[in-house]
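> Sharing a structure here in structure tokens format.
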Amino acid sequence: MYIDLSELSPNQVYYSMIQTLVPRPVAWVLSDNGTRSASGAASYNLAPFSYFTGISSKPPTIMISVGKKPDGSFKDTRVNIEARGQFVVHIAHRELAPSVTESSRTLAHGESELDRLDLDLADFADFRLPRIAGCRVAMACERHAIQEFGEVPQSLIFGLVKTIYVDDSVVTVDEKGRASVHADKLDPVARLGGNDYTTFGEIITVPRPK
């Protein structure tokens, strides 16, 4: 079977791509809504994106591709990062998959997904934004650039990774001080097509050619 994307609508193209570009890591992004409650507490946006990857090690840089809301306006993640510059990317594990999906719900700008979720926040070293306490990996990021791409268009958000938090339960450090993150203990979820996630099964190690 061959799929000629030139003959498909944008929605059909998207559906074909997300079913074949698998598995995709999920960036669970926390950003600052820029509003405060009556008690003075900060309001945060939390949303998942699976068009996400690392693109550079020097400087350490990740990229997230963010679409638009159904009404054609920018999603809060893009608005918040453009306005305030900082965000936190989490790598969620198996037990958090329902919360990841719930946080994809379209809400009014400034309304926090965290109000609907049973999640705790934790300080992130000296970074201004907190992290989700239960996530085993989190990346403190600063906006490098935002570029628009495509006819819709998508917002390509480039973030400089300043600090990575790794839970002690998923990492070991050897005698030379090199840290190894154990993927099976991290147990991350990745996106497939439709409503499906995948989790880790057998890990296959194949040495690179010398």
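Starting from 1 in every chain, residues are counted up; chains themselves are A, B, ... following the order of the structure tokens, and ligands are numbered from 1 as listed.
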To test your reading of the structure, identify every residue in chain A that backbone DSSP assigns to alpha helix (DSSP H), and report it as a VMD selection string.

chain A and resid 10 to 20 76 to 84 97 to 102 183 to 186

> Need to verify the contact set: Ser112 of chain A, 7 Å, only C-alpha atoms, exclusion of same-chain residues closer than 4 positions in sequence. Can you return it as a VMD selection string?

chain A and resid 43 to 45

> Output N, CA and C atoms of each residue in that selection to a file, as a tab-separated table (two decimals), in the first residue's frame.


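As written to disk, result07.tsv reads:
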```tsv
chain	number	residue	atom	x	y	z
A	43	SER	N	-0.40	30.59	38.28
A	43	SER	CA	-1.20	29.69	37.46
A	43	SER	C	-0.34	29.14	36.33
A	44	TYR	N	-0.36	27.82	36.16
A	44	TYR	CA	0.50	27.18	35.16
A	44	TYR	C	-0.32	26.41	34.13
A	45	ASN	N	0.15	26.44	32.90
A	45	ASN	CA	-0.42	25.62	31.83
A	45	ASN	C	0.39	24.33	31.75
```

> At a cut-off of 12 Å, using only C-alpha atoms, what residues contact Gly134 of chain A? Leave out same-chain residues fewer than 3 positions from it and give the result as a PyMOL selection string.

chain A and resi 90-96+99+118-122+130-131+137-138+165-167+169+186

> Taking 4 positions as the minimum chain separation for residues in the same chain, which residues sit within 8 Å of segment 188-199 of chain A when counting only C-alpha atoms? Answer as a list in words.

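My reading of the contact set: Tyr15, Ile18, Gln19, Thr20, Leu21, Val22, Pro23, Arg24, Pro25, Val26, Ser50, Ile91, Ala92, His93, Arg94, Ala97 and Ala183 of chain A.
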
> I want to know what sits within 10 Å of segment 55-59 of chain A, based on only C-alpha atoms, with residues of the same chain fewer than 5 positions away left out; could you give that as a count of residues only?

5

> So which residues of segment 25-186 of chain A fall under strand (DSSP E) by DSSP, listed as a PyMOL selection string?

chain A and resi 25+27-36+42-49+52-57+60-66+86-91+121-122+131-132+137-149+154-166+171-173+179-181

> Measuring between only C-alpha atoms, which one of A:Leu114, A:Ala108, A:Ile62, A:Leu30 shows the shortest distance to Asn80 of chain A?

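When distances to Asn80 of chain A are compared using only C-alpha atoms, the smallest one comes from A:Leu30.
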
> Give me, please, the distance in Å between atom CA of Val66 of chain A and atom CA of Trp28 of chain A, quoted to one decimal.

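Value for the atom CA of Val66 of chain A-atom CA of Trp28 of chain A distance: 12.0 Å.
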
> Using only C-alpha atoms, which of A:Val89, A:Val171, A:Val29, A:Ala41 sits nearest Asp76 of chain A?

A:Val29

> From the list A:Cys141, A:Ile81, A:Ile132, A:Val100, which residue is nearest Pro48 of chain A when using only C-alpha atoms?

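Looking at the shortest contact to Pro48 of chain A, the residue is A:Val100.
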
> Measuring between only C-alpha atoms, which one of A:Asp123, A:Glu82, A:Val173, A:Pro70 shows the shortest distance to Ala145 of chain A?

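Among the listed residues, A:Glu82 lies closest to Ala145 of chain A.
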
> Please provide as a list in words all residues within 12 Å of Leu107 of chain A, with the sequence filter that same-chain residues fewer than 3 positions apart are discarded (counting only C-alpha atoms).

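Surrounding residues, per the criterion: Asn45, Leu46, Ala47, Lys69, Pro70, Asp71, Lys75, Asp76, Thr77, Glu102, Ser103, Ser104, Gly110, Glu111, Ser112, Glu113, Leu114, Asp115 and Arg116 of chain A.
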